[in-house]
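Q: Compact mmCIF, C-alpha atoms (C1' of nucleotides), file final.txt:
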```
# COMPACT_ATOMS: atom_id res chain seq x y z
CA MET M 1 -23.65 -15.74 -3.60
CA ALA M 2 -19.90 -15.35 -3.27
CA SER M 3 -17.94 -17.93 -1.30
CA LEU M 4 -15.36 -17.73 1.43
CA ARG M 5 -12.81 -19.48 -0.80
CA LEU M 6 -9.54 -17.60 -0.92
CA ASP M 7 -8.92 -18.38 -4.58
CA ASP M 8 -12.15 -16.77 -5.70
CA GLN M 9 -11.51 -13.43 -4.20
CA LEU M 10 -10.54 -10.45 -6.24
CA CYS M 11 -9.32 -8.77 -3.07
CA PHE M 12 -6.62 -11.31 -2.51
CA GLY M 13 -5.55 -10.89 -6.12
CA LEU M 14 -5.32 -7.18 -5.59
CA TYR M 15 -3.39 -7.60 -2.36
CA SER M 16 -0.95 -10.02 -3.98
CA ALA M 17 -0.45 -7.89 -7.08
CA SER M 18 0.15 -4.79 -5.02
CA ARG M 19 2.73 -6.54 -2.87
CA ALA M 20 4.44 -8.05 -5.92
CA VAL M 21 4.77 -4.64 -7.55
CA THR M 22 6.04 -3.07 -4.35
CA SER M 23 8.66 -5.77 -3.99
CA LEU M 24 9.87 -5.11 -7.55
CA TYR M 25 10.07 -1.41 -6.72
CA ARG M 26 12.11 -2.32 -3.65
CA VAL M 27 14.76 -3.85 -5.91
CA VAL M 28 14.65 -1.02 -8.44
CA LEU M 29 14.57 1.81 -5.90
CA ASP M 30 17.36 0.41 -3.76
CA ASP M 31 19.81 2.34 -5.95
CA LEU M 32 18.06 5.63 -5.25
CA GLY M 33 17.73 5.01 -1.53
CA LEU M 34 13.95 5.38 -1.69
CA THR M 35 11.03 3.24 -0.56
CA TYR M 36 7.97 3.02 -2.80
CA PRO M 37 5.86 5.52 -0.83
CA GLN M 38 8.86 7.89 -0.73
CA TYR M 39 9.15 7.48 -4.50
CA LEU M 40 5.48 8.44 -4.87
CA VAL M 41 6.14 11.64 -2.93
CA MET M 42 9.15 12.38 -5.13
CA LEU M 43 7.06 11.78 -8.27
CA ALA M 44 4.50 14.26 -7.00
CA LEU M 45 7.23 16.83 -6.28
CA TRP M 46 9.00 16.30 -9.60
CA GLU M 47 5.72 17.06 -11.27
CA ARG M 48 5.15 20.16 -9.19
CA ASP M 49 7.56 21.41 -6.55
CA ASP M 50 6.78 23.42 -3.40
CA ARG M 51 3.72 21.64 -2.09
CA LEU M 52 1.96 21.74 1.23
CA VAL M 53 1.84 18.51 3.23
CA LYS M 54 -1.92 18.75 2.91
CA GLU M 55 -1.70 18.84 -0.91
CA LEU M 56 0.61 15.82 -1.03
CA GLY M 57 -1.78 14.01 1.28
CA ALA M 58 -4.72 14.76 -1.01
CA GLU M 59 -2.86 13.59 -4.10
CA LEU M 60 -1.57 10.35 -2.58
CA ASN M 61 -4.46 9.72 -0.21
CA LEU M 62 -2.17 9.64 2.78
CA ASP M 63 -2.78 11.34 6.10
CA SER M 64 -0.31 13.22 8.25
CA GLY M 65 0.23 10.12 10.38
CA THR M 66 1.94 8.52 7.39
CA LEU M 67 3.34 11.59 5.68
CA SER M 68 4.90 13.42 8.61
CA PRO M 69 7.45 10.72 9.50
CA LEU M 70 8.00 9.85 5.81
CA LEU M 71 8.80 13.49 4.98
CA LYS M 72 11.04 13.71 8.00
CA ARG M 73 13.00 10.75 6.61
CA LEU M 74 13.21 12.37 3.17
CA GLU M 75 14.51 15.49 4.87
CA THR M 76 17.10 13.48 6.81
CA THR M 77 18.35 11.88 3.59
CA GLY M 78 18.59 15.34 2.01
CA MET M 79 15.91 14.95 -0.65
CA VAL M 80 13.48 17.64 0.51
CA LYS M 81 13.35 20.76 2.64
CA ARG M 82 10.50 21.67 5.03
CA THR M 83 9.53 25.30 5.46
CA ARG M 84 6.83 26.55 7.73
CA GLN M 85 4.53 28.84 5.77
CA ALA M 86 4.88 32.50 6.81
CA ASP M 87 1.29 33.54 6.15
CA ASP M 88 -0.18 30.44 7.82
CA GLU M 89 2.02 28.98 10.49
CA ARG M 90 0.01 25.76 10.55
CA SER M 91 1.14 24.79 7.05
CA VAL M 92 4.44 23.28 6.00
CA ARG M 93 5.74 23.61 2.47
CA ILE M 94 7.80 20.75 1.04
CA SER M 95 10.36 21.56 -1.64
CA LEU M 96 13.04 19.59 -3.44
CA THR M 97 16.69 20.10 -2.58
CA ALA M 98 19.31 20.03 -5.34
CA SER M 99 19.89 16.33 -4.54
CA GLY M 100 16.17 15.67 -4.71
CA GLU M 101 15.93 17.40 -8.07
CA ALA M 102 19.02 15.56 -9.32
CA LEU M 103 17.54 12.20 -8.38
CA ARG M 104 14.96 12.71 -11.10
CA ALA M 105 17.51 11.82 -13.78
CA LYS M 106 18.37 8.58 -12.01
CA ALA M 107 14.67 7.72 -11.82
CA ALA M 108 13.97 8.40 -15.49
CA GLY M 109 14.36 4.76 -16.51
CA ILE M 110 12.18 3.28 -13.79
CA PRO M 111 8.76 3.48 -15.46
CA ASP M 112 10.04 1.50 -18.43
CA VAL M 113 11.56 -1.18 -16.20
CA ILE M 114 8.27 -1.54 -14.34
CA GLY M 115 6.36 -1.49 -17.61
CA ALA M 116 8.53 -4.26 -19.00
CA ALA M 117 8.00 -6.36 -15.88
CA MET M 118 4.25 -6.20 -16.32
CA SER M 119 4.25 -7.65 -19.81
CA LEU M 120 1.31 -5.47 -20.80
CA ASP M 121 1.23 -3.15 -23.77
CA GLU M 122 0.35 0.49 -23.40
CA ALA M 123 -3.31 -0.14 -24.15
CA GLY M 124 -3.48 -2.97 -21.61
CA ILE M 125 -1.94 -0.76 -18.96
CA ALA M 126 -4.36 2.08 -19.69
CA ARG M 127 -7.35 -0.26 -19.63
CA MET M 128 -6.35 -1.88 -16.36
CA ARG M 129 -5.59 1.48 -14.84
CA GLY M 130 -9.10 2.58 -15.77
CA GLU M 131 -10.65 -0.51 -14.25
CA LEU M 132 -8.68 -0.08 -11.05
CA ASP M 133 -9.67 3.58 -10.80
CA ARG M 134 -13.34 2.69 -11.19
CA LEU M 135 -12.94 -0.06 -8.59
CA THR M 136 -11.26 2.31 -6.13
CA GLU M 137 -13.93 4.93 -6.56
CA SER M 138 -16.75 2.43 -6.21
CA VAL M 139 -15.25 0.81 -3.10
CA ASN M 140 -14.51 4.16 -1.48
CA ALA M 141 -18.05 5.39 -2.13
CA TYR M 142 -19.46 2.21 -0.61
CA ARG M 143 -17.23 2.47 2.46
CA GLU M 144 -18.16 6.09 3.03
CA ALA M 145 -21.83 5.14 2.85
CA LEU M 146 -21.27 2.37 5.42
CA SER M 147 -19.11 4.41 7.72
CA PRO M 148 -19.27 8.16 7.06
CA ALA M 149 -16.00 10.02 7.62
CA MET E 1 8.76 5.46 -23.25
CA ALA E 2 6.74 5.67 -20.04
CA SER E 3 6.75 8.93 -18.10
CA LEU E 4 7.32 9.80 -14.46
CA ARG E 5 3.79 11.22 -14.22
CA LEU E 6 1.93 9.83 -11.25
CA ASP E 7 -1.38 9.68 -13.07
CA ASP E 8 -0.07 7.40 -15.76
CA GLN E 9 1.14 4.71 -13.52
CA LEU E 10 -0.67 1.45 -13.14
CA CYS E 11 1.27 0.84 -9.94
CA PHE E 12 -0.30 3.78 -8.21
CA GLY E 13 -3.72 2.56 -9.31
CA LEU E 14 -2.94 -0.81 -7.85
CA TYR E 15 -1.66 0.70 -4.63
CA SER E 16 -4.75 2.91 -4.30
CA ALA E 17 -7.19 0.12 -5.09
CA SER E 18 -5.54 -2.22 -2.63
CA ARG E 19 -5.70 0.37 0.14
CA ALA E 20 -9.32 1.22 -0.68
CA VAL E 21 -10.32 -2.43 -0.43
CA THR E 22 -8.41 -2.91 2.80
CA SER E 23 -10.10 0.12 4.30
CA LEU E 24 -13.53 -1.29 3.41
CA TYR E 25 -12.52 -4.58 5.02
CA ARG E 26 -11.51 -2.63 8.11
CA VAL E 27 -15.09 -1.43 8.49
CA VAL E 28 -16.62 -4.82 7.70
CA LEU E 29 -14.22 -6.87 9.84
CA ASP E 30 -14.44 -4.60 12.85
CA ASP E 31 -17.40 -6.69 14.02
CA LEU E 32 -15.34 -9.88 13.93
CA GLY E 33 -12.34 -8.36 15.63
CA LEU E 34 -10.08 -9.23 12.70
CA THR E 35 -7.69 -7.27 10.50
CA TYR E 36 -7.60 -8.06 6.79
CA PRO E 37 -4.44 -10.20 6.93
CA GLN E 38 -5.87 -12.03 9.93
CA TYR E 39 -9.05 -12.61 7.92
CA LEU E 40 -6.95 -14.10 5.12
CA VAL E 41 -5.44 -16.57 7.57
CA MET E 42 -8.89 -17.47 8.85
CA LEU E 43 -10.13 -18.00 5.27
CA ALA E 44 -7.24 -20.37 4.67
CA LEU E 45 -8.01 -22.27 7.88
CA TRP E 46 -11.76 -22.41 7.23
CA GLU E 47 -10.94 -24.01 3.91
CA ARG E 48 -8.55 -26.50 5.47
CA ASP E 49 -7.81 -26.68 9.18
CA ASP E 50 -4.61 -27.85 10.90
CA ARG E 51 -1.96 -26.22 8.81
CA LEU E 52 1.72 -25.67 9.35
CA VAL E 53 2.93 -22.08 9.54
CA LYS E 54 5.01 -22.85 6.48
CA GLU E 55 1.91 -23.92 4.52
CA LEU E 56 0.00 -20.78 5.45
CA GLY E 57 3.02 -18.76 4.43
CA ALA E 58 3.14 -20.45 1.03
CA GLU E 59 -0.56 -19.90 0.42
CA LEU E 60 -0.59 -16.24 1.43
CA ASN E 61 2.96 -15.39 0.36
CA LEU E 62 3.85 -14.22 3.83
CA ASP E 63 7.05 -15.06 5.69
CA SER E 64 7.43 -15.95 9.33
CA GLY E 65 8.37 -12.38 10.16
CA THR E 66 4.79 -11.40 9.35
CA LEU E 67 2.99 -14.60 10.28
CA SER E 68 4.54 -15.37 13.66
CA PRO E 69 3.31 -12.23 15.42
CA LEU E 70 0.00 -12.30 13.51
CA LEU E 71 -0.65 -15.88 14.62
CA LYS E 72 0.34 -14.99 18.15
CA ARG E 73 -2.35 -12.28 18.11
CA LEU E 74 -4.92 -14.73 16.73
CA GLU E 75 -3.98 -17.08 19.54
CA THR E 76 -4.33 -14.31 22.11
CA THR E 77 -7.82 -13.48 20.83
CA GLY E 78 -8.74 -17.16 21.05
CA MET E 79 -9.21 -17.84 17.31
CA VAL E 80 -6.46 -20.43 16.83
CA LYS E 81 -4.32 -22.87 18.76
CA ARG E 82 -0.59 -23.46 18.13
CA THR E 83 0.84 -26.94 18.59
CA ARG E 84 4.43 -27.88 18.12
CA GLN E 85 4.60 -30.89 15.82
CA ALA E 86 5.71 -34.04 17.66
CA ASP E 87 7.53 -35.72 14.79
CA ASP E 88 9.30 -32.50 13.76
CA GLU E 89 9.84 -30.10 16.60
CA ARG E 90 10.71 -27.28 14.19
CA SER E 91 7.15 -27.13 12.84
CA VAL E 92 4.10 -25.52 14.41
CA ARG E 93 0.60 -26.60 13.49
CA ILE E 94 -2.16 -23.99 13.52
CA SER E 95 -5.70 -25.15 14.21
CA LEU E 96 -9.02 -23.40 14.74
CA THR E 97 -10.51 -23.18 18.20
CA ALA E 98 -14.28 -23.51 18.67
CA SER E 99 -14.51 -19.69 18.58
CA GLY E 100 -12.44 -19.58 15.43
CA GLU E 101 -14.67 -22.16 13.78
CA ALA E 102 -17.80 -20.32 14.98
CA LEU E 103 -16.59 -17.06 13.48
CA ARG E 104 -17.05 -18.60 10.06
CA ALA E 105 -20.82 -18.14 10.27
CA LYS E 106 -20.42 -14.46 11.10
CA ALA E 107 -18.10 -14.08 8.11
CA ALA E 108 -20.43 -15.78 5.66
CA GLY E 109 -21.94 -12.53 4.41
CA ILE E 110 -18.70 -10.67 3.88
CA PRO E 111 -17.86 -11.76 0.31
CA ASP E 112 -21.23 -10.48 -0.90
CA VAL E 113 -20.77 -7.14 0.83
CA ILE E 114 -17.35 -6.72 -0.76
CA GLY E 115 -18.71 -7.89 -4.09
CA ALA E 116 -21.50 -5.33 -3.93
CA ALA E 117 -19.03 -2.56 -3.12
CA MET E 118 -17.01 -3.34 -6.25
CA SER E 119 -19.96 -2.92 -8.62
CA LEU E 120 -18.63 -5.64 -10.87
CA ASP E 121 -20.59 -8.65 -12.01
CA GLU E 122 -19.26 -12.17 -11.50
CA ALA E 123 -17.70 -12.24 -14.94
CA GLY E 124 -16.00 -8.89 -14.41
CA ILE E 125 -14.58 -10.08 -11.11
CA ALA E 126 -13.27 -13.30 -12.65
CA ARG E 127 -11.71 -11.45 -15.57
CA MET E 128 -10.00 -8.89 -13.38
CA ARG E 129 -8.83 -11.59 -11.01
CA GLY E 130 -7.25 -13.36 -13.98
CA GLU E 131 -5.53 -10.20 -15.15
CA LEU E 132 -4.20 -9.48 -11.68
CA ASP E 133 -2.90 -13.04 -11.33
CA ARG E 134 -1.07 -12.77 -14.65
CA LEU E 135 0.34 -9.42 -13.59
CA THR E 136 1.52 -10.80 -10.25
CA GLU E 137 3.20 -13.76 -11.87
CA SER E 138 4.86 -11.66 -14.53
CA VAL E 139 6.14 -9.09 -12.04
CA ASN E 140 7.39 -11.74 -9.64
CA ALA E 141 9.22 -13.56 -12.42
CA TYR E 142 10.85 -10.32 -13.52
CA ARG E 143 11.89 -9.45 -9.98
CA GLU E 144 13.39 -12.88 -9.41
CA ALA E 145 15.39 -12.51 -12.61
CA LEU E 146 16.69 -9.11 -11.45
CA SER E 147 17.41 -10.16 -7.91
CA PRO E 148 17.50 -13.95 -7.43
CA ALA E 149 16.17 -15.19 -4.10
C1' DC B 1 28.63 -42.31 12.90
C1' DG B 2 29.62 -37.31 12.73
C1' DC B 3 28.74 -33.03 11.36
C1' DA B 4 27.96 -29.52 7.85
C1' DA B 5 24.06 -27.89 5.38
C1' DC B 6 19.57 -27.01 5.60
C1' DT B 7 14.85 -26.03 7.48
C1' DC B 8 11.31 -23.96 10.40
C1' DA B 9 9.67 -20.66 13.43
C1' DG B 10 10.63 -16.82 15.85
C1' DT B 11 13.08 -12.15 16.84
C1' DT B 12 14.87 -7.57 15.69
C1' DG B 13 14.84 -3.38 13.34
C1' DT B 14 12.89 -0.26 9.83
C1' DA B 15 9.13 1.72 7.38
C1' DC B 16 4.62 2.19 6.13
C1' DA B 17 -0.84 2.75 7.14
C1' DC B 18 -4.15 4.45 9.93
C1' DA B 19 -7.11 5.56 14.10
C1' DA B 20 -7.14 8.60 17.77
C1' DC B 21 -5.28 12.26 19.85
C1' DT B 22 -2.55 16.79 20.66
C1' DT B 23 -1.02 21.41 19.78
C1' DA B 24 -0.86 25.55 17.63
C1' DA B 25 -2.87 28.67 14.38
C1' DT B 26 -6.74 30.54 11.92
C1' DT B 27 -11.56 31.66 10.98
C1' DG B 28 -16.23 32.89 11.31
C1' DG B 29 -20.38 34.00 13.44
C1' DA B 30 -22.92 35.96 17.55
C1' DT K 1 -14.44 41.73 19.26
C1' DC K 2 -14.25 37.30 21.17
C1' DC K 3 -14.17 32.73 21.40
C1' DA K 4 -15.96 28.26 19.74
C1' DA K 5 -15.24 25.56 15.78
C1' DT K 6 -12.16 24.30 12.39
C1' DT K 7 -7.76 23.31 10.29
C1' DA K 8 -2.75 21.73 9.61
C1' DA K 9 0.79 19.08 11.08
C1' DG K 10 2.65 16.16 14.26
C1' DT K 11 2.54 12.28 17.93
C1' DT K 12 1.19 7.84 19.85
C1' DG K 13 -0.09 3.20 19.59
C1' DT K 14 -1.25 -0.98 16.93
C1' DG K 15 -0.64 -4.01 13.16
C1' DT K 16 1.26 -5.35 9.06
C1' DA K 17 5.48 -6.27 5.56
C1' DC K 18 9.93 -7.62 5.02
C1' DA K 19 15.13 -8.03 5.38
C1' DA K 20 18.40 -9.96 8.23
C1' DC K 21 19.39 -12.75 11.78
C1' DT K 22 19.01 -16.47 15.60
C1' DG K 23 18.41 -20.91 17.53
C1' DA K 24 16.67 -25.27 17.70
C1' DG K 25 15.87 -29.33 15.15
C1' DT K 26 16.56 -32.48 11.12
C1' DT K 27 18.88 -34.55 7.15
C1' DG K 28 22.11 -36.36 4.22
C1' DC K 29 26.57 -37.41 2.84
C1' DG K 30 31.38 -38.80 3.42
```
Let me see the file written as structure tokens.
A:
Amino acid sequence: MASLRLDDQLCFGLYSASRAVTSLYRVVLDDLGLTYPQYLVMLALWERDDRLVKELGAELNLDSGTLSPLLKRLETTGMVKRTRQADDERSVRISLTASGEALRAKAAGIPDVIGAAMSLDEAGIARMRGELDRLTESVNAYREALSPA
Amino acid sequence: MASLRLDDQLCFGLYSASRAVTSLYRVVLDDLGLTYPQYLVMLALWERDDRLVKELGAELNLDSGTLSPLLKRLETTGMVKRTRQADDERSVRISLTASGEALRAKAAGIPDVIGAAMSLDEAGIARMRGELDRLTESVNAYREALSPA
DNA sequence: CGCAACTCAGTTGTACACAACTTAATTGGA
DNA sequence: TCCAATTAAGTTGTGTACAACTGAGTTGCG
């Protein structure tokens, strides 16, 4: 029988931790002119360039309502290019510009800074990441059962 | 030497888990007419009523830029009352209305629903909560060292 | 006392999230 | 073949987050 006490709740811990990490990213990413969600898109593109909006959405779990304006901003700041697909005019392909590719070097040190801030060793990070992934999957499955897409 | 690979990053796990939990709350709280941050404010008030905006902000780590409009919405929906403090006209005291107090009964079952969705036992929840709290504190300390308030 | 420094809440502007909707393009089955 | 259903991206509207600022009120120190 769980209580309504704020302190007890894992959810509030999750919410606080997520906001704390984002606010550290805000400081670190200021240099690169990126927000945290924009950085996530850049990470995805650095890993594999030339992606459809749909693919980015699947990888980051973001819908077009979030991605469309975010990608427009990344285009405005010269990080990515948008090209309507020739063989399917509904699709838009996102690719890195030279500036976007170049930004990768400036970002190279970020994971270590974030890692240092967490004061967790590699094993601790991997373990927690695993726990969070299981939690996400479990919660998403439960939600979909409650309220089917 | 951490990599720029999205999969490796604890931060993305945290971000995903936090959004998954919030989206489950969205389904569960729909009945009560609350958003998740509004629910957090109600939890704080159910625990202790008659709080200054400043106190709520300290407990939830939210500034007035977030709280002021949120509290205005809770006032509009009849959950809380705002009273300017007589002995210090700068302060505003937030108190539950009868409806706001009554909502507590409807919320009583929520923690168990969320707990069930997480498929973690009580010990697992407590442990993870502890790890997240340590992470939050560590990250916040690091950020404040980088960029003093 | 007088007033500069500070405090509290609120406002403004930017950027997510996300539901609900729109538009245009594609697909698949009768 | 034709057209209803589906799909992709974008738009609209609401509600956080948060930085930067405003304005009113309070405090403390010379």
Q: Give me, as a PDB file with C-alpha atoms, in the frame of the given file, the contact residues of chain E against chain B at a cut-off of 10 Å, counting all atoms listed in the file.
A:
```
ATOM      1  CA  ARG E  19      -5.700   0.370   0.140  1.00  0.00           C
ATOM      2  CA  SER E  23     -10.100   0.120   4.300  1.00  0.00           C
ATOM      3  CA  LEU E  52       1.720 -25.670   9.350  1.00  0.00           C
ATOM      4  CA  VAL E  53       2.930 -22.080   9.540  1.00  0.00           C
ATOM      5  CA  LYS E  54       5.010 -22.850   6.480  1.00  0.00           C
ATOM      6  CA  ASP E  63       7.050 -15.060   5.690  1.00  0.00           C
ATOM      7  CA  SER E  64       7.430 -15.950   9.330  1.00  0.00           C
ATOM      8  CA  GLY E  65       8.370 -12.380  10.160  1.00  0.00           C
ATOM      9  CA  LEU E  67       2.990 -14.600  10.280  1.00  0.00           C
ATOM     10  CA  SER E  68       4.540 -15.370  13.660  1.00  0.00           C
ATOM     11  CA  PRO E  69       3.310 -12.230  15.420  1.00  0.00           C
ATOM     12  CA  ASP E  88       9.300 -32.500  13.760  1.00  0.00           C
ATOM     13  CA  GLU E  89       9.840 -30.100  16.600  1.00  0.00           C
ATOM     14  CA  ARG E  90      10.710 -27.280  14.190  1.00  0.00           C
ATOM     15  CA  SER E  91       7.150 -27.130  12.840  1.00  0.00           C
ATOM     16  CA  VAL E  92       4.100 -25.520  14.410  1.00  0.00           C
TER      17      VAL E  92
END
```
Q: Could you tell me which residues of chain M sit within 7 Å of chain E when counting all atoms listed in the file, and give me the result as number ranges by chain?
A: M: 1-6, 10-11, 13-18, 20-21, 24, 43-44, 47, 108, 111-112, 117-119, 125, 129, 132-133, 135-136, 138-140, 142-143
Q: When you draw a straight line from atom CA of E:Leu56 to atom CA of E:Leu32, how long is it in Å?
A: 20.6 Å
Q: In Å to one decimal, how far is atom CA of M:Asp30 from atom C1' of K:DT16?
A: 21.4 Å
Q: With only C-alpha atoms (C1' of nucleotides) considered, list every residue of chain K at most 7 Å from chain M, as a list in words.
A: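 Contact residues on the first chain: DA8, DA9 and DG10 of chain K.
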Q: Work out how far apart atom CA of M:Gly100 and atom CA of M:Ala86 are and give it in Å to one decimal.
A: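 Atom CA of M:Gly100 sits 23.3 Å away from atom CA of M:Ala86.
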Q: Neighbouring residues of E:Asp50 were defined as those with any atom within 7 Å, considering only C-alpha atoms (C1' of nucleotides); residues of the same chain fewer than 5 positions away were excluded. Please report them as a ChimeraX atom specification.
A: /E:93-95
